[in-house]
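Written below as structure tokens is the structure these notes are about.
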Amino acid sequence: MRIYENGPRRQYADVFRALGAELDRVGGRDVLLIEVAVGFLVQATTSEVHSSLHVGASVQRSERLVTDGGIEEMVGAGYGRRDTGHEAGTLERALRVLGAHVDLHRSAEVLVLQQGDGWILRHLVGESRPTYVMQEFLGPELEEMRVIASGSRRPPEPQPPTKRRFGQ
């Protein structure tokens with residue numbers, strides 16, 4: 001995905017994180033993301049609370065085309081939330097991990113589908129002979145991937161010195 005024609009490729013981890021933050025904000029679930037030429041088609045079931053009394057909630061299926069320009073704004077807002085104490089929601093964390101996985105494989109033409117606490121990812125992998133790959137990720141597996149990745153972004157914890165005998 002390129003934000004500007006002939007521009008640098010936008011990292012999916014940033015894009016998915018921004019989309020996930022927006023979906024968390026509106027109470028999204030049962031998410032479907034489809035990469036299209038101009039951005040992403042985003043479908044989700046959302047909950048809206050009735051009035052300020054919070055008596056009940058209506059559930060609706062929403063669909064939105066988020067263009068490359070809108071994605072740029074969302075990613076910029078995401079950068080603005082860094083170091084502010086913002087706590088990432090469930091979808092923001094999960095989609096960021098999936099985006100990092102897509103970036104790792106230098107994939108394109110991405111489709112992401114949420115099913116319960118699991119996710120299905122279909123992406124085009126490979127440069128000389130591209131192939132569509134479908135993968136399934138369960139919630140605990142994504143959380144483990146997130147924890148491993150977050151450990152690589154932080155400086156290592158100082159370890160207490162170990163006692164060693166001379167020559168060992």
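Chain labels A, B, ... are given in the sequence in which chains occur in the structure tokens; within each chain residues are numbered consecutively from 1, and ligands are likewise numbered from 1 in the order shown.
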Compile the contact shell of stretch 72-88 of chain A as a PyMOL selection string: residues with an atom at most 7 Å away, counting only C-alpha atoms, same-chain residues fewer than 6 positions apart removed. chain A and resi 14-15+18
Go ahead and write the selection's residues with N, CA and C atoms as a PDB file, in the first residue's frame.
```
ATOM      1  N   ASP A  14       1.623   0.195  11.274  1.00  0.00           N
ATOM      2  CA  ASP A  14       1.119   1.528  11.601  1.00  0.00           C
ATOM      3  C   ASP A  14      -0.330   1.697  11.149  1.00  0.00           C
ATOM      4  N   VAL A  15      -0.619   1.244   9.939  1.00  0.00           N
ATOM      5  CA  VAL A  15      -1.966   1.383   9.383  1.00  0.00           C
ATOM      6  C   VAL A  15      -2.962   0.561  10.194  1.00  0.00           C
ATOM      7  N   ALA A  18      -3.648   2.044  13.608  1.00  0.00           N
ATOM      8  CA  ALA A  18      -4.539   3.200  13.532  1.00  0.00           C
ATOM      9  C   ALA A  18      -5.989   2.770  13.292  1.00  0.00           C
TER      10      ALA A  18
END
```
Which of stretch 43-159 of chain A DSSP labels helix (DSSP H, G or I), written as a PyMOL selection string: chain A and resi 68-81+90-104+139-153
Write to file, as a PDB file, in the first residue's frame, the residues of the selection just made, with C-alpha atoms.
```pdb
ATOM      1  CA  ASP A  68      -5.115   6.625   1.816  1.00  0.00           C
ATOM      2  CA  GLY A  69      -5.569  10.248   2.948  1.00  0.00           C
ATOM      3  CA  GLY A  70      -7.765   9.167   5.852  1.00  0.00           C
ATOM      4  CA  ILE A  71      -5.248   6.497   6.774  1.00  0.00           C
ATOM      5  CA  GLU A  72      -2.478   9.125   6.832  1.00  0.00           C
ATOM      6  CA  GLU A  73      -4.562  11.237   9.259  1.00  0.00           C
ATOM      7  CA  MET A  74      -5.260   8.213  11.493  1.00  0.00           C
ATOM      8  CA  VAL A  75      -1.595   7.210  11.545  1.00  0.00           C
ATOM      9  CA  GLY A  76      -0.625  10.804  12.400  1.00  0.00           C
ATOM     10  CA  ALA A  77      -3.138  10.819  15.272  1.00  0.00           C
ATOM     11  CA  GLY A  78      -1.645   7.513  16.435  1.00  0.00           C
ATOM     12  CA  TYR A  79       1.838   9.027  16.525  1.00  0.00           C
ATOM     13  CA  GLY A  80       0.358  11.894  18.533  1.00  0.00           C
ATOM     14  CA  ARG A  81      -0.958   9.442  21.161  1.00  0.00           C
ATOM     15  CA  THR A  90      -7.862  -5.070  22.111  1.00  0.00           C
ATOM     16  CA  LEU A  91      -8.308  -4.448  18.382  1.00  0.00           C
ATOM     17  CA  GLU A  92      -5.469  -1.928  18.219  1.00  0.00           C
ATOM     18  CA  ARG A  93      -3.067  -4.434  19.806  1.00  0.00           C
ATOM     19  CA  ALA A  94      -4.209  -7.402  17.686  1.00  0.00           C
ATOM     20  CA  LEU A  95      -4.193  -5.526  14.389  1.00  0.00           C
ATOM     21  CA  ARG A  96      -0.786  -4.021  15.076  1.00  0.00           C
ATOM     22  CA  VAL A  97       0.667  -7.524  15.514  1.00  0.00           C
ATOM     23  CA  LEU A  98      -1.001  -8.717  12.302  1.00  0.00           C
ATOM     24  CA  GLY A  99       0.322  -5.652  10.470  1.00  0.00           C
ATOM     25  CA  ALA A 100       3.843  -6.350  11.718  1.00  0.00           C
ATOM     26  CA  HIS A 101       3.484  -9.935  10.470  1.00  0.00           C
ATOM     27  CA  VAL A 102       2.463  -8.644   7.024  1.00  0.00           C
ATOM     28  CA  ASP A 103       5.425  -6.232   7.045  1.00  0.00           C
ATOM     29  CA  LEU A 104       7.790  -9.048   7.980  1.00  0.00           C
ATOM     30  CA  GLY A 139      -5.970 -14.617  20.550  1.00  0.00           C
ATOM     31  CA  PRO A 140      -3.361 -16.180  22.875  1.00  0.00           C
ATOM     32  CA  GLU A 141      -0.973 -16.655  19.950  1.00  0.00           C
ATOM     33  CA  LEU A 142      -1.313 -12.985  18.961  1.00  0.00           C
ATOM     34  CA  GLU A 143      -0.749 -11.895  22.545  1.00  0.00           C
ATOM     35  CA  GLU A 144       2.417 -13.992  22.704  1.00  0.00           C
ATOM     36  CA  MET A 145       3.640 -12.438  19.436  1.00  0.00           C
ATOM     37  CA  ARG A 146       2.859  -8.964  20.842  1.00  0.00           C
ATOM     38  CA  VAL A 147       4.773  -9.598  24.056  1.00  0.00           C
ATOM     39  CA  ILE A 148       7.800 -10.918  22.157  1.00  0.00           C
ATOM     40  CA  ALA A 149       7.751  -7.911  19.800  1.00  0.00           C
ATOM     41  CA  SER A 150       7.330  -5.392  22.613  1.00  0.00           C
ATOM     42  CA  GLY A 151      10.337  -6.888  24.369  1.00  0.00           C
ATOM     43  CA  SER A 152      12.492  -6.194  21.331  1.00  0.00           C
ATOM     44  CA  ARG A 153      11.509  -2.500  21.318  1.00  0.00           C
TER      45      ARG A 153
END
```
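Taking only C-alpha atoms, the non-local environment of A:Arg106 within 12 Å (same-chain residues fewer than 4 positions away omitted) comprises Met1, Arg9, Arg10, Gln11, Tyr12, Ala13, Gly99, Ala100, His101, Val102, Val110, His123, Leu124, Val125, Gly126, Glu127 and Pro130 of chain A.
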Let's have the selection written as an mmCIF file, in the first residue's frame, with N, CA and C atoms.
```
data_model
loop_
_atom_site.group_PDB
_atom_site.id
_atom_site.type_symbol
_atom_site.label_atom_id
_atom_site.label_comp_id
_atom_site.auth_asym_id
_atom_site.auth_seq_id
_atom_site.Cartn_x
_atom_site.Cartn_y
_atom_site.Cartn_z
ATOM 1 N N MET A 1 0.841 -1.165 0.000
ATOM 2 C CA MET A 1 0.000 0.000 0.000
ATOM 3 C C MET A 1 0.889 1.231 0.000
ATOM 4 N N ARG A 9 6.507 2.810 0.776
ATOM 5 C CA ARG A 9 5.440 1.917 1.221
ATOM 6 C C ARG A 9 5.146 2.184 2.687
ATOM 7 N N ARG A 10 3.887 2.375 3.013
ATOM 8 C CA ARG A 10 3.455 2.591 4.393
ATOM 9 C C ARG A 10 3.491 1.250 5.101
ATOM 10 N N GLN A 11 3.964 1.225 6.321
ATOM 11 C CA GLN A 11 4.020 -0.020 7.072
ATOM 12 C C GLN A 11 2.624 -0.418 7.534
ATOM 13 N N TYR A 12 2.292 -1.663 7.299
ATOM 14 C CA TYR A 12 0.981 -2.170 7.688
ATOM 15 C C TYR A 12 0.787 -2.113 9.201
ATOM 16 N N ALA A 13 1.847 -2.295 9.975
ATOM 17 C CA ALA A 13 1.715 -2.240 11.438
ATOM 18 C C ALA A 13 1.150 -0.891 11.867
ATOM 19 N N GLY A 99 -0.354 -6.540 11.407
ATOM 20 C CA GLY A 99 0.322 -5.652 10.470
ATOM 21 C C GLY A 99 1.821 -5.874 10.464
ATOM 22 N N ALA A 100 2.401 -6.079 11.640
ATOM 23 C CA ALA A 100 3.843 -6.350 11.718
ATOM 24 C C ALA A 100 4.178 -7.665 11.022
ATOM 25 N N HIS A 101 3.282 -8.651 11.141
ATOM 26 C CA HIS A 101 3.484 -9.935 10.470
ATOM 27 C C HIS A 101 3.461 -9.744 8.942
ATOM 28 N N VAL A 102 2.539 -8.943 8.459
ATOM 29 C CA VAL A 102 2.463 -8.644 7.024
ATOM 30 C C VAL A 102 3.730 -7.920 6.575
ATOM 31 N N VAL A 110 -3.973 -7.421 1.148
ATOM 32 C CA VAL A 110 -4.271 -8.021 2.439
ATOM 33 C C VAL A 110 -5.770 -8.056 2.719
ATOM 34 N N HIS A 123 -2.873 -12.913 2.545
ATOM 35 C CA HIS A 123 -2.000 -11.899 1.968
ATOM 36 C C HIS A 123 -1.178 -12.492 0.844
ATOM 37 N N LEU A 124 -0.764 -11.629 -0.062
ATOM 38 C CA LEU A 124 0.043 -12.029 -1.213
ATOM 39 C C LEU A 124 1.507 -11.946 -0.811
ATOM 40 N N VAL A 125 2.189 -13.095 -0.879
ATOM 41 C CA VAL A 125 3.569 -13.200 -0.405
ATOM 42 C C VAL A 125 4.476 -13.578 -1.569
ATOM 43 N N GLY A 126 5.650 -12.978 -1.601
ATOM 44 C CA GLY A 126 6.643 -13.335 -2.616
ATOM 45 C C GLY A 126 6.722 -12.292 -3.705
ATOM 46 N N GLU A 127 7.911 -12.157 -4.252
ATOM 47 C CA GLU A 127 8.108 -11.156 -5.300
ATOM 48 C C GLU A 127 8.221 -11.789 -6.680
ATOM 49 N N PRO A 130 4.553 -14.573 -6.728
ATOM 50 C CA PRO A 130 3.669 -14.285 -5.602
ATOM 51 C C PRO A 130 2.586 -15.346 -5.433
#
```
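Here atom CA of A:Ser62 is placed at a distance of 12.1 Å from atom CA of A:Leu33.
Atom pair atom CA of A:Leu138 / atom CA of A:Gln115: separated by 9.2 Å.
Between atom CA of A:His105 and atom CA of A:Gly39 the separation is 19.6 Å.
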